[in-house]
file query29.cif (mmCIF, C-alpha atoms)
data_my_file
loop_
_atom_site.label_atom_id
_atom_site.label_comp_id
_atom_site.auth_asym_id
_atom_site.auth_seq_id
_atom_site.Cartn_x
_atom_site.Cartn_y
_atom_site.Cartn_z
CA MET A 1 60.92 -88.74 -34.11
CA ILE A 2 60.81 -86.67 -30.97
CA PRO A 3 57.73 -87.27 -28.86
CA LEU A 4 55.48 -84.25 -28.92
CA GLN A 5 55.61 -83.83 -25.16
CA THR A 6 59.40 -83.43 -25.04
CA LEU A 7 59.41 -81.14 -28.06
CA ARG A 8 56.93 -78.84 -26.42
CA ALA A 9 58.88 -78.92 -23.18
CA SER A 10 62.15 -78.07 -24.87
CA LEU A 11 60.52 -75.34 -26.91
CA SER A 12 58.99 -73.62 -23.91
CA ARG A 13 62.27 -73.87 -22.12
CA ARG A 14 64.17 -72.23 -24.96
CA CYS A 15 61.65 -69.59 -25.95
CA ILE A 16 60.55 -67.04 -23.54
CA ALA A 17 57.44 -65.93 -25.33
CA PRO A 18 54.84 -68.63 -25.81
CA ILE A 19 54.28 -69.62 -29.40
CA THR A 20 50.88 -68.71 -30.66
CA ILE A 21 49.49 -69.64 -34.02
CA ARG A 22 46.81 -67.45 -35.48
CA THR A 23 44.68 -68.45 -38.35
CA TYR A 24 42.82 -66.00 -40.49
CA ALA A 25 39.70 -66.51 -42.48
CA SER A 26 40.53 -65.41 -45.99
CA GLN A 27 38.44 -64.89 -49.05
CA THR A 28 39.53 -66.11 -52.43
CA PRO A 29 39.83 -63.16 -54.76
CA ASP A 30 37.79 -64.59 -57.62
CA LYS A 31 34.09 -65.31 -57.76
CA PRO A 32 33.25 -68.45 -55.80
CA MET A 33 32.96 -71.31 -58.21
CA LEU A 34 31.10 -74.49 -57.69
CA GLU A 35 32.50 -77.57 -59.38
CA VAL A 36 29.74 -79.97 -60.24
CA PHE A 37 31.41 -82.02 -62.93
CA ASN A 38 34.86 -83.48 -62.99
CA ARG A 39 36.35 -82.13 -66.23
CA LYS A 40 39.19 -84.60 -66.28
CA VAL A 41 36.83 -87.54 -66.01
CA LYS A 42 34.63 -86.10 -68.76
CA HIS A 43 37.63 -85.64 -71.01
CA LEU A 44 38.75 -89.23 -70.46
CA GLN A 45 35.26 -90.57 -71.10
CA LYS A 46 35.01 -88.71 -74.40
CA ASP A 47 38.49 -89.74 -75.50
CA ARG A 48 37.99 -93.38 -74.64
CA ALA A 49 34.60 -93.49 -76.28
CA ALA A 50 35.88 -91.97 -79.53
CA ARG A 51 38.84 -94.29 -79.77
CA ASN A 52 36.44 -97.15 -80.35
CA VAL A 53 35.48 -95.64 -83.70
CA GLU A 54 32.92 -98.24 -84.71
CA GLU A 55 30.92 -98.17 -81.47
CA SER A 56 31.21 -94.42 -81.26
CA ARG A 57 29.76 -93.94 -84.75
CA LYS A 58 26.98 -96.41 -84.06
CA THR A 59 25.83 -94.43 -81.05
CA ASP A 60 25.88 -91.09 -82.84
CA TYR A 61 22.14 -91.41 -83.62
CA LEU A 62 21.13 -88.97 -80.90
CA LYS A 63 23.80 -86.37 -81.60
CA ASP A 64 23.13 -86.48 -85.34
CA GLU A 65 19.39 -86.12 -84.86
CA VAL A 66 19.73 -83.19 -82.48
CA ALA A 67 22.32 -81.54 -84.75
CA ARG A 68 19.82 -81.77 -87.62
CA ARG A 69 17.04 -80.25 -85.54
CA LEU A 70 19.39 -77.49 -84.44
CA ALA A 71 20.45 -76.80 -88.01
CA GLU A 72 16.78 -76.58 -89.03
CA ARG A 73 16.51 -73.59 -86.74
CA LEU A 74 19.16 -71.88 -88.85
CA LEU A 75 16.85 -72.04 -91.88
CA ASP A 76 14.86 -69.15 -90.44
CA ILE A 77 17.87 -66.84 -90.53
CA LYS A 78 17.94 -65.34 -93.99
CA ARG A 79 21.44 -64.02 -94.14
CA ASP A 80 24.93 -65.27 -94.86
CA LEU A 81 27.05 -66.34 -91.93
CA PRO A 82 30.70 -66.06 -92.99
CA HIS A 83 32.32 -67.42 -89.82
CA VAL A 84 30.50 -69.78 -87.46
CA LEU A 85 31.71 -71.42 -84.25
CA ASP A 86 30.58 -74.88 -83.16
CA LEU A 87 31.08 -74.88 -79.41
CA GLY A 88 31.75 -78.37 -78.06
CA ALA A 89 31.53 -79.95 -81.48
CA ASN A 90 31.76 -83.62 -80.45
CA SER A 91 32.65 -85.25 -83.80
CA CYS A 92 31.48 -82.21 -85.82
CA ASN A 93 27.90 -83.51 -85.95
CA ILE A 94 26.66 -80.02 -86.76
CA ALA A 95 28.95 -79.84 -89.80
CA ARG A 96 27.44 -83.09 -91.03
CA ALA A 97 23.94 -81.68 -90.60
CA LEU A 98 24.83 -78.40 -92.30
CA THR A 99 26.20 -80.14 -95.36
CA SER A 100 23.26 -82.50 -95.81
CA PRO A 101 20.74 -81.33 -98.43
CA ASP A 102 16.97 -81.19 -98.02
CA LEU A 103 17.03 -80.18 -94.41
CA ASP A 104 13.94 -78.05 -94.87
CA SER A 105 11.04 -80.36 -94.12
CA SER A 106 8.47 -77.58 -94.60
CA MET A 107 9.13 -77.47 -98.34
CA PRO A 108 6.90 -79.60 -100.57
CA GLU A 109 8.32 -82.99 -101.37
CA GLY A 110 10.52 -83.13 -104.41
CA THR A 111 11.98 -79.63 -104.10
CA ILE A 112 15.68 -79.75 -103.57
CA THR A 113 16.93 -77.18 -101.10
CA PRO A 114 20.64 -76.50 -101.02
CA PRO A 115 22.53 -77.49 -97.88
CA LEU A 116 22.94 -74.79 -95.26
CA SER A 117 26.70 -74.91 -95.66
CA LYS A 118 26.27 -72.72 -98.77
CA LYS A 119 25.56 -69.82 -96.41
CA ILE A 120 28.63 -70.49 -94.31
CA SER A 121 32.17 -69.82 -95.49
CA LYS A 122 34.02 -71.18 -92.50
CA LEU A 123 33.10 -73.36 -89.53
CA THR A 124 35.36 -73.55 -86.50
CA CYS A 125 34.77 -76.68 -84.43
CA VAL A 126 36.10 -76.49 -80.89
CA GLU A 127 36.27 -79.50 -78.57
CA THR A 128 38.38 -80.80 -75.69
CA SER A 129 38.83 -84.35 -76.91
CA ARG A 130 41.22 -84.82 -79.83
CA ALA A 131 40.11 -88.37 -80.57
CA LEU A 132 36.46 -87.32 -80.81
CA LEU A 133 36.99 -84.14 -82.82
CA HIS A 134 39.23 -85.78 -85.42
CA ARG A 135 37.25 -89.01 -85.61
CA ASP A 136 35.49 -88.16 -88.86
CA GLU A 137 37.95 -85.80 -90.48
CA ASN A 138 38.29 -88.03 -93.55
CA GLU A 139 34.56 -88.40 -94.12
CA PRO A 140 33.11 -86.92 -97.35
CA PHE A 141 31.24 -84.07 -95.63
CA ASN A 142 34.56 -82.38 -94.85
CA GLN A 143 34.94 -81.45 -98.52
CA ASP A 144 31.70 -79.46 -98.58
CA LEU A 145 32.64 -77.00 -95.88
CA ASP A 146 35.79 -75.25 -94.72
CA ILE A 147 36.18 -76.77 -91.26
CA GLN A 148 38.83 -75.73 -88.79
CA ARG A 149 39.26 -78.06 -85.82
CA ASP A 150 40.51 -76.47 -82.59
CA ILE A 151 41.38 -78.42 -79.47
CA ILE A 152 41.34 -76.49 -76.23
CA PRO A 153 42.08 -77.80 -72.74
CA ASP A 154 38.85 -76.51 -71.26
CA LEU A 155 35.57 -75.45 -72.86
CA GLU A 156 34.92 -73.00 -70.05
CA THR A 157 37.59 -70.55 -71.24
CA LEU A 158 37.27 -69.70 -74.90
CA PRO A 159 40.42 -68.44 -76.63
CA TYR A 160 38.67 -66.26 -79.22
CA ALA A 161 38.75 -62.51 -79.73
CA PRO A 162 35.66 -60.40 -79.05
CA ASN A 163 33.32 -59.76 -82.01
CA SER A 164 34.73 -62.56 -84.16
CA PHE A 165 31.80 -64.86 -85.05
CA ASP A 166 28.64 -64.38 -87.09
CA ALA A 167 26.93 -67.18 -85.17
CA VAL A 168 27.77 -69.60 -82.38
CA LEU A 169 26.14 -73.03 -82.47
CA SER A 170 26.36 -75.72 -79.83
CA SER A 171 24.82 -79.16 -79.78
CA LEU A 172 24.75 -81.53 -76.80
CA SER A 173 27.84 -80.20 -75.07
CA ILE A 174 27.12 -77.39 -72.68
CA HIS A 175 25.28 -79.62 -70.23
CA TRP A 176 28.76 -80.59 -68.96
CA ILE A 177 29.79 -77.00 -68.23
CA ASN A 178 30.33 -76.16 -64.56
CA ASP A 179 29.96 -72.41 -64.83
CA LEU A 180 27.27 -71.91 -67.45
CA PRO A 181 26.67 -68.18 -66.72
CA ALA A 182 30.36 -67.41 -67.29
CA LEU A 183 30.46 -69.41 -70.52
CA LEU A 184 27.36 -67.68 -71.89
CA GLU A 185 28.92 -64.31 -71.13
CA GLN A 186 32.00 -65.33 -73.11
CA VAL A 187 29.84 -66.49 -76.00
CA ASN A 188 28.11 -63.13 -75.97
CA THR A 189 31.49 -61.41 -76.11
CA ILE A 190 32.92 -63.39 -79.03
CA LEU A 191 29.78 -62.90 -81.12
CA LYS A 192 29.54 -59.96 -83.51
CA PRO A 193 26.77 -57.47 -82.70
CA ASP A 194 23.32 -58.69 -83.75
CA ALA A 195 24.56 -62.30 -84.18
CA PRO A 196 22.74 -65.38 -82.86
CA PHE A 197 23.70 -68.06 -80.37
CA ILE A 198 21.78 -71.28 -81.03
CA ALA A 199 22.25 -74.23 -78.72
CA ALA A 200 20.74 -77.55 -77.72
CA MET A 201 21.47 -79.24 -74.44
CA PHE A 202 20.14 -82.09 -72.34
CA GLY A 203 17.88 -80.79 -69.61
CA GLY A 204 16.17 -81.62 -66.35
CA ASP A 205 14.14 -84.73 -66.98
CA THR A 206 16.62 -86.46 -69.25
CA LEU A 207 16.93 -90.12 -68.27
CA TYR A 208 14.52 -89.67 -65.36
CA GLU A 209 13.61 -93.37 -65.66
CA LEU A 210 17.20 -94.50 -65.15
CA ARG A 211 17.80 -91.97 -62.40
CA GLY A 212 14.81 -93.23 -60.44
CA SER A 213 15.30 -96.95 -60.90
CA LEU A 214 19.00 -96.77 -60.01
CA GLN A 215 18.05 -94.93 -56.85
CA LEU A 216 15.56 -97.62 -55.89
CA ALA A 217 18.04 -100.39 -56.75
CA ASP A 218 20.70 -98.69 -54.63
CA MET A 219 18.28 -98.32 -51.73
CA GLU A 220 17.12 -101.91 -51.81
CA ARG A 221 20.53 -103.50 -52.36
CA ARG A 222 22.93 -101.21 -50.51
CA GLY A 223 20.71 -99.24 -48.17
CA GLY A 224 21.65 -95.80 -49.50
CA VAL A 225 21.89 -93.78 -52.69
CA SER A 226 24.76 -92.26 -54.59
CA PRO A 227 24.36 -90.18 -57.74
CA HIS A 228 24.76 -92.23 -60.91
CA VAL A 229 23.19 -89.78 -63.32
CA SER A 230 24.58 -86.27 -63.51
CA PRO A 231 22.34 -83.29 -62.68
CA LEU A 232 21.15 -81.09 -65.53
CA ALA A 233 19.90 -77.55 -65.95
CA ASP A 234 16.18 -76.93 -65.87
CA VAL A 235 14.20 -75.33 -68.68
CA LYS A 236 12.94 -72.53 -66.51
CA ASP A 237 16.50 -71.48 -65.63
CA VAL A 238 17.72 -71.21 -69.19
CA GLY A 239 15.84 -68.01 -69.99
CA SER A 240 17.23 -66.14 -67.03
CA LEU A 241 20.72 -67.49 -67.71
CA LEU A 242 20.61 -66.09 -71.24
CA THR A 243 19.24 -62.75 -70.05
CA ARG A 244 21.96 -62.52 -67.43
CA ALA A 245 24.60 -63.08 -70.10
CA GLY A 246 23.19 -60.15 -72.09
CA PHE A 247 21.29 -61.96 -74.85
CA LYS A 248 18.22 -60.38 -76.43
CA MET A 249 15.16 -61.75 -78.21
CA LEU A 250 15.26 -65.14 -76.56
CA THR A 251 13.54 -68.28 -77.75
CA VAL A 252 13.62 -71.35 -75.53
CA ASP A 253 11.78 -74.53 -76.35
CA VAL A 254 11.76 -78.09 -75.16
CA GLU A 255 11.47 -81.38 -76.93
CA ASP A 256 11.45 -84.95 -75.68
CA ILE A 257 13.07 -87.73 -77.67
CA VAL A 258 12.14 -91.17 -76.39
CA VAL A 259 14.44 -93.96 -77.49
CA GLU A 260 13.60 -97.62 -77.05
CA PHE A 261 16.31 -99.96 -75.82
CA PRO A 262 16.21 -103.75 -75.46
CA ASP A 263 17.30 -103.53 -71.82
CA THR A 264 19.00 -101.22 -69.32
CA PHE A 265 22.38 -102.74 -70.08
CA ALA A 266 22.14 -101.67 -73.71
CA LEU A 267 21.10 -98.17 -72.61
CA MET A 268 24.07 -97.82 -70.29
CA GLN A 269 26.47 -99.22 -72.87
CA ASP A 270 25.25 -96.72 -75.44
CA LEU A 271 25.60 -93.83 -73.01
CA GLN A 272 29.15 -94.91 -72.37
CA ALA A 273 29.94 -95.21 -76.07
CA MET A 274 28.56 -91.68 -76.56
CA GLY A 275 30.98 -90.44 -73.91
CA GLU A 276 27.96 -89.31 -71.91
CA GLY A 277 28.64 -91.25 -68.70
CA ASN A 278 28.24 -89.74 -65.27
CA ALA A 279 30.99 -87.23 -64.50
CA ILE A 280 29.83 -85.70 -61.27
CA MET A 281 32.45 -84.70 -58.70
CA ASN A 282 32.94 -87.18 -55.85
CA ARG A 283 31.12 -89.90 -57.70
CA ASP A 284 31.61 -93.50 -56.73
CA SER A 285 34.76 -94.31 -58.67
CA ALA A 286 33.99 -98.02 -58.63
CA PRO A 287 31.69 -99.23 -61.37
CA LEU A 288 28.13 -100.14 -60.46
CA SER A 289 28.08 -103.51 -58.74
CA ARG A 290 26.54 -106.42 -60.55
CA ASP A 291 23.87 -106.72 -57.87
CA VAL A 292 22.73 -103.15 -58.37
CA LEU A 293 22.74 -103.63 -62.14
CA LEU A 294 20.55 -106.70 -61.82
CA ALA A 295 18.17 -104.98 -59.43
CA ASN A 296 18.05 -101.89 -61.66
CA GLU A 297 17.10 -103.93 -64.71
CA ALA A 298 14.18 -105.49 -62.83
CA ILE A 299 12.95 -102.22 -61.31
CA TYR A 300 13.25 -100.25 -64.56
CA ARG A 301 11.16 -102.86 -66.36
CA ALA A 302 8.55 -102.98 -63.61
CA LEU A 303 8.21 -99.18 -63.50
CA HIS A 304 8.48 -98.09 -67.12
CA MET A 305 7.87 -100.92 -69.53
CA GLU A 306 4.43 -100.84 -71.11
CA GLU A 307 2.51 -104.07 -71.42
CA GLY A 308 3.29 -105.67 -74.76
CA ASP A 309 6.37 -103.55 -75.50
CA ARG A 310 9.54 -105.30 -76.47
CA GLY A 311 11.94 -102.76 -75.02
CA ILE A 312 12.27 -100.11 -72.36
CA PRO A 313 11.84 -96.38 -73.05
CA ALA A 314 14.51 -93.79 -72.21
CA THR A 315 13.57 -90.12 -72.37
CA PHE A 316 16.01 -87.48 -73.50
CA ARG A 317 14.78 -83.93 -72.88
CA LEU A 318 16.33 -81.41 -75.22
CA ILE A 319 16.35 -77.70 -74.44
CA TYR A 320 16.84 -75.52 -77.51
CA MET A 321 17.80 -71.93 -76.95
CA ILE A 322 18.29 -68.99 -79.26
CA GLY A 323 19.63 -65.65 -78.08
CA TRP A 324 20.85 -62.64 -80.02
CA LYS A 325 23.69 -60.38 -79.09
CA GLU A 326 22.56 -56.80 -78.80
CA GLY A 327 23.17 -54.82 -81.97
CA GLU A 328 22.11 -51.69 -83.76
CA GLY A 329 18.91 -51.81 -85.74
CA GLN A 330 17.76 -54.94 -83.97
CA PRO A 331 13.99 -55.23 -83.56
CA GLN A 332 12.98 -54.31 -80.05
CA PRO A 333 10.10 -55.80 -78.12
CA LEU A 334 7.17 -53.40 -77.76
CA LYS A 335 6.26 -52.01 -74.38
CA ARG A 336 4.00 -54.14 -72.25
CA GLY A 337 0.37 -53.39 -72.72
CA SER A 338 0.89 -51.55 -76.01
CA GLY A 339 -0.73 -54.27 -78.12
CA ASP A 340 -4.01 -53.30 -79.80
CA VAL A 341 -4.91 -56.65 -81.40
CA ASN A 342 -6.26 -59.50 -79.38
CA LEU A 343 -4.23 -62.65 -80.03
CA LYS A 344 -7.42 -64.64 -79.67
CA ASP A 345 -8.78 -62.98 -82.82
CA ILE A 346 -5.75 -64.07 -84.81
CA LEU A 347 -5.07 -67.52 -83.42
CA GLY A 348 -8.60 -68.46 -82.49
CA GLY A 349 -9.42 -70.85 -79.71
CA GLY A 350 -9.73 -69.86 -76.12
CA ASP A 351 -13.19 -71.29 -75.61
CA PHE A 352 -14.41 -74.73 -76.39
CA GLU A 353 -17.77 -76.39 -76.51
CA ARG A 354 -18.73 -78.90 -73.95
CA PRO A 355 -19.59 -82.29 -75.41
CA MET B 1 35.14 -106.90 -81.41
CA PRO B 2 34.83 -110.59 -82.27
CA GLY B 3 35.84 -113.09 -79.65
CA LYS B 4 35.65 -110.53 -76.87
CA THR B 5 32.44 -110.06 -74.96
CA ARG B 6 32.22 -107.19 -72.51
CA PRO B 7 31.18 -108.09 -68.95
CA VAL B 8 28.01 -106.06 -69.25
CA GLU B 9 26.98 -107.96 -72.37
CA LYS B 10 27.40 -111.21 -70.49
CA ILE B 11 25.22 -109.90 -67.66
CA ALA B 12 22.59 -108.80 -70.17
CA LYS B 13 22.56 -112.18 -71.87
CA ALA B 14 22.31 -114.13 -68.62
CA THR B 15 19.62 -111.83 -67.21
CA ALA B 16 17.51 -112.27 -70.34
CA GLN B 17 17.04 -115.94 -69.35
CA CYS B 18 15.46 -114.96 -66.03
CA SER B 19 12.40 -112.93 -67.02
CA ALA B 20 10.15 -114.53 -64.38
CA GLU B 21 12.57 -113.71 -61.57
CA VAL B 22 13.16 -110.21 -62.96
CA ALA B 23 9.42 -109.58 -62.95
CA ALA B 24 8.98 -110.97 -59.43
CA TYR B 25 11.71 -108.80 -57.95
CA GLY B 26 10.53 -105.72 -59.84
CA LYS B 27 6.99 -106.28 -58.61
CA CYS B 28 8.19 -106.63 -55.03
CA VAL B 29 10.02 -103.27 -55.10
CA MET B 30 7.05 -101.67 -56.88
CA THR B 31 4.56 -102.63 -54.17
CA ASP B 32 6.04 -100.08 -51.79
CA TYR B 33 8.44 -97.93 -53.75
CA ASN B 34 7.94 -94.90 -51.54
CA SER B 35 9.64 -96.54 -48.60
CA VAL B 36 12.27 -98.85 -50.01
CA HIS B 37 14.82 -100.02 -47.49
CA LYS B 38 17.78 -102.36 -47.55
CA ASP B 39 16.95 -106.02 -48.21
CA MET B 40 13.26 -105.26 -48.52
CA CYS B 41 13.08 -107.81 -51.31
CA ALA B 42 16.06 -109.93 -50.35
CA LYS B 43 14.22 -113.17 -50.99
CA GLU B 44 13.16 -112.21 -54.50
CA PHE B 45 16.61 -110.86 -55.25
CA LEU B 46 18.26 -114.07 -54.14
CA ARG B 47 16.08 -116.00 -56.55
CA LEU B 48 16.96 -113.60 -59.34
CA LYS B 49 20.64 -113.84 -58.60
CA ASN B 50 20.58 -117.63 -58.41
CA CYS B 51 18.89 -117.82 -61.77
CA TYR B 52 21.38 -115.33 -63.18
CA LEU B 53 24.36 -117.31 -61.89
CA VAL B 54 23.02 -120.53 -63.34
CA SER B 55 22.40 -119.08 -66.79
CA ASP B 56 25.75 -117.27 -66.70
CA GLU B 57 27.42 -120.59 -66.02
CA GLN B 58 25.51 -122.23 -68.87
CA GLY B 59 26.58 -119.41 -71.17
CA LYS B 60 30.20 -120.12 -70.32
CA ASN B 61 29.84 -123.82 -71.05
CA GLU B 62 28.24 -123.08 -74.40
CA CYS B 63 31.07 -120.82 -75.36
CA CYS B 64 33.67 -123.49 -74.56
CA THR B 65 32.06 -126.44 -76.22
CA VAL B 66 31.74 -124.53 -79.48
CA HIS B 67 35.37 -123.51 -79.71
#
call {"tool": "encode", "arguments": {"input": "query29.cif", "output": "structure tokens"}}
result
Amino acid sequence: MIPLQTLRASLSRRCIAPITIRTYASQTPDKPMLEVFNRKVKHLQKDRAARNVEESRKTDYLKDEVARRLAERLLDIKRDLPHVLDLGANSCNIARALTSPDLDSSMPEGTITPPLSKKISKLTCVETSRALLHRDENEPFNQDLDIQRDIIPDLETLPYAPNSFDAVLSSLSIHWINDLPALLEQVNTILKPDAPFIAAMFGGDTLYELRGSLQLADMERRGGVSPHVSPLADVKDVGSLLTRAGFKMLTVDVEDIVVEFPDTFALMQDLQAMGEGNAIMNRDSAPLSRDVLLANEAIYRALHMEEGDRGIPATFRLIYMIGWKEGEGQPQPLKRGSGDVNLKDILGGGDFERP
Amino acid sequence: MPGKTRPVEKIAKATAQCSAEVAAYGKCVMTDYNSVHKDMCAKEFLRLKNCYLVSDEQGKNECCTVH
């Protein structure tokens, strides 16, 4: 090693012109992209979770329930859907829901409605984790539907040709997407004209109890906070996201599912077994310390447990969205102010008597 | 997996024995949860942790006398 001083001296002696270094501010050519979630971490979490088949199946209750509720929304579409894509399929929970009979709860009891898979000739399930996607490939429901399983390195770039699907479904996956606007645009492109995109994702207030109590536990034990629960999209943003991606005739609705757990440890274990652990960039790579876990258990109970309850509640907020790709002959919304029937006359209500 | 308990399960089991201490610490944080600061409830936490350590130790002994 030459000391810096002598190097500089020898350089200035040898060179006549002084060395100047100029730096330029440069702009990256692409759109600026914000990375919120660490995709590699998410991939590992899903893979690890699915490799423990027994635990992974046991904690499928939420994904199966949401897949069923999503599939129910398909009942309203009275047409055949030859080729459907399941975007971020997890363990093909949607396929399981589509092949189960009697999905239609509005029908009188006793009537047997055929499973939705009768309307679908082929379902392509796409997922990043091989272990998760192929977990249930030998289960009986695979015989009732032609399922193709595709593994891609990254859900944010879809390898499908434009105008190739009659519907795109997605259940509990796109809340891990970094660039949601770009993904929705791609979905719009791969859909055939006048074809629907139906999705369910976790939204804003999901796990607000855990988020809050972990923050308090962190504050009291360590004197600062670090994010332990990943951020989620808000309901009010979803509509504008879909519009921006070019979808028409939007429907967005919200539903809360509250699950009771014996304690916070069971809740966190289940989240891990679902592959739904925190995957935010720059997260604390060390696991939560035992002290914070203990403190969190106490604070969660104090804040959220109702008197007399055996367990603690955990809220999962689901955002369901339906958007249609623009197509010919599609019904158009009427112009604003062109209505000539008062909704109050049809639906009633509007005024109520004072007791 | 039989014979293999995950660390978090052990914590859960030991904590379940300390409901009084859990409640006391939770109540302490609740009294002023808008301005929580480090070691605000250090005393209550110490009691909780002591109880936890004792019941964790007991859990270990139980496991080893059975086998």
call {"tool": "resolve_selection", "arguments": {"input": "query29.cif", "expression": "the PyMOL selection byres ((chain A) within 8 of (chain B))", "output": "PDB file with C-alpha atoms, keeping the file's coordinate frame"}}
result
ATOM      1  CA  LEU A 216      15.560 -97.620 -55.890  1.00  0.00           C
ATOM      2  CA  MET A 219      18.280 -98.320 -51.730  1.00  0.00           C
ATOM      3  CA  GLU A 220      17.120-101.910 -51.810  1.00  0.00           C
ATOM      4  CA  ARG A 221      20.530-103.500 -52.360  1.00  0.00           C
ATOM      5  CA  ARG A 222      22.930-101.210 -50.510  1.00  0.00           C
ATOM      6  CA  GLY A 223      20.710 -99.240 -48.170  1.00  0.00           C
ATOM      7  CA  GLY A 224      21.650 -95.800 -49.500  1.00  0.00           C
ATOM      8  CA  ASP A 263      17.300-103.530 -71.820  1.00  0.00           C
ATOM      9  CA  PHE A 265      22.380-102.740 -70.080  1.00  0.00           C
ATOM     10  CA  ALA A 266      22.140-101.670 -73.710  1.00  0.00           C
ATOM     11  CA  GLN A 269      26.470 -99.220 -72.870  1.00  0.00           C
ATOM     12  CA  ASP A 291      23.870-106.720 -57.870  1.00  0.00           C
ATOM     13  CA  LEU A 294      20.550-106.700 -61.820  1.00  0.00           C
ATOM     14  CA  ALA A 295      18.170-104.980 -59.430  1.00  0.00           C
ATOM     15  CA  GLU A 297      17.100-103.930 -64.710  1.00  0.00           C
ATOM     16  CA  ALA A 298      14.180-105.490 -62.830  1.00  0.00           C
ATOM     17  CA  ILE A 299      12.950-102.220 -61.310  1.00  0.00           C
ATOM     18  CA  TYR A 300      13.250-100.250 -64.560  1.00  0.00           C
ATOM     19  CA  ARG A 301      11.160-102.860 -66.360  1.00  0.00           C
ATOM     20  CA  ALA A 302       8.550-102.980 -63.610  1.00  0.00           C
ATOM     21  CA  LEU A 303       8.210 -99.180 -63.500  1.00  0.00           C
TER      22      LEU A 303
END
call {"tool": "atom_distance", "arguments": {"input": "query29.cif", "atom1": "atom CA of A:Met281", "atom2": "atom CA of A:Asp256"}}
result
27.0 Å
call {"tool": "residues_near_point", "arguments": {"input": "query29.cif", "point": "(31.8, -76.5, -94.0)", "cutoff": "12 Å", "atoms": "all atoms listed in the file", "output": "PDB file with C-alpha atoms, in the coordinates of the input"}}
result
ATOM      1  CA  LEU A  81      27.050 -66.340 -91.930  1.00  0.00           C
ATOM      2  CA  PRO A  82      30.700 -66.060 -92.990  1.00  0.00           C
ATOM      3  CA  HIS A  83      32.320 -67.420 -89.820  1.00  0.00           C
ATOM      4  CA  VAL A  84      30.500 -69.780 -87.460  1.00  0.00           C
ATOM      5  CA  LEU A  85      31.710 -71.420 -84.250  1.00  0.00           C
ATOM      6  CA  ASP A  86      30.580 -74.880 -83.160  1.00  0.00           C
ATOM      7  CA  CYS A  92      31.480 -82.210 -85.820  1.00  0.00           C
ATOM      8  CA  ASN A  93      27.900 -83.510 -85.950  1.00  0.00           C
ATOM      9  CA  ILE A  94      26.660 -80.020 -86.760  1.00  0.00           C
ATOM     10  CA  ALA A  95      28.950 -79.840 -89.800  1.00  0.00           C
ATOM     11  CA  ARG A  96      27.440 -83.090 -91.030  1.00  0.00           C
ATOM     12  CA  ALA A  97      23.940 -81.680 -90.600  1.00  0.00           C
ATOM     13  CA  LEU A  98      24.830 -78.400 -92.300  1.00  0.00           C
ATOM     14  CA  THR A  99      26.200 -80.140 -95.360  1.00  0.00           C
ATOM     15  CA  SER A 100      23.260 -82.500 -95.810  1.00  0.00           C
ATOM     16  CA  PRO A 115      22.530 -77.490 -97.880  1.00  0.00           C
ATOM     17  CA  LEU A 116      22.940 -74.790 -95.260  1.00  0.00           C
ATOM     18  CA  SER A 117      26.700 -74.910 -95.660  1.00  0.00           C
ATOM     19  CA  LYS A 118      26.270 -72.720 -98.770  1.00  0.00           C
ATOM     20  CA  LYS A 119      25.560 -69.820 -96.410  1.00  0.00           C
ATOM     21  CA  ILE A 120      28.630 -70.490 -94.310  1.00  0.00           C
ATOM     22  CA  SER A 121      32.170 -69.820 -95.490  1.00  0.00           C
ATOM     23  CA  LYS A 122      34.020 -71.180 -92.500  1.00  0.00           C
ATOM     24  CA  LEU A 123      33.100 -73.360 -89.530  1.00  0.00           C
ATOM     25  CA  THR A 124      35.360 -73.550 -86.500  1.00  0.00           C
ATOM     26  CA  CYS A 125      34.770 -76.680 -84.430  1.00  0.00           C
ATOM     27  CA  GLU A 137      37.950 -85.800 -90.480  1.00  0.00           C
ATOM     28  CA  PRO A 140      33.110 -86.920 -97.350  1.00  0.00           C
ATOM     29  CA  PHE A 141      31.240 -84.070 -95.630  1.00  0.00           C
ATOM     30  CA  ASN A 142      34.560 -82.380 -94.850  1.00  0.00           C
ATOM     31  CA  GLN A 143      34.940 -81.450 -98.520  1.00  0.00           C
ATOM     32  CA  ASP A 144      31.700 -79.460 -98.580  1.00  0.00           C
ATOM     33  CA  LEU A 145      32.640 -77.000 -95.880  1.00  0.00           C
ATOM     34  CA  ASP A 146      35.790 -75.250 -94.720  1.00  0.00           C
ATOM     35  CA  ILE A 147      36.180 -76.770 -91.260  1.00  0.00           C
ATOM     36  CA  GLN A 148      38.830 -75.730 -88.790  1.00  0.00           C
ATOM     37  CA  ARG A 149      39.260 -78.060 -85.820  1.00  0.00           C
TER      38      ARG A 149
END
call {"tool": "closest_residue", "arguments": {"input": "query29.cif", "among": "A:Met201, A:Leu70, A:Val229, A:Ala314", "to": "A:Ala279", "atoms": "all atoms listed in the file"}}
result
A:Val229
call {"tool": "residues_near_point", "arguments": {"input": "query29.cif", "point": "(32.5, -84.3, -70.0)", "cutoff": "9 Å", "atoms": "all atoms listed in the file", "output": "list of chain:residue names"}}
result
A:Phe37, A:Asn38, A:Arg39, A:Lys40, A:Val41, A:Lys42, A:His43, A:Leu44, A:Gln45, A:Lys46, A:Thr128, A:Ser173, A:His175, A:Trp176, A:Ile177, A:Gly275, A:Glu276, A:Gly277, A:Asn278, A:Ala279
call {"tool": "atom_distance", "arguments": {"input": "query29.cif", "atom1": "atom CA of A:Leu34", "atom2": "atom CA of A:Lys63"}}
result
27.7 Å
call {"tool": "axis_aligned_box", "arguments": {"input": "query29.cif", "around": "stretch 132-139 of chain A", "padding_each_side": "6 Å", "output": "lines of an AutoDock Vina configuration file"}}
result
center_x = 36.9
center_y = -86.6
center_z = -87.5
size_x = 16.7
size_y = 16.9
size_z = 25.3
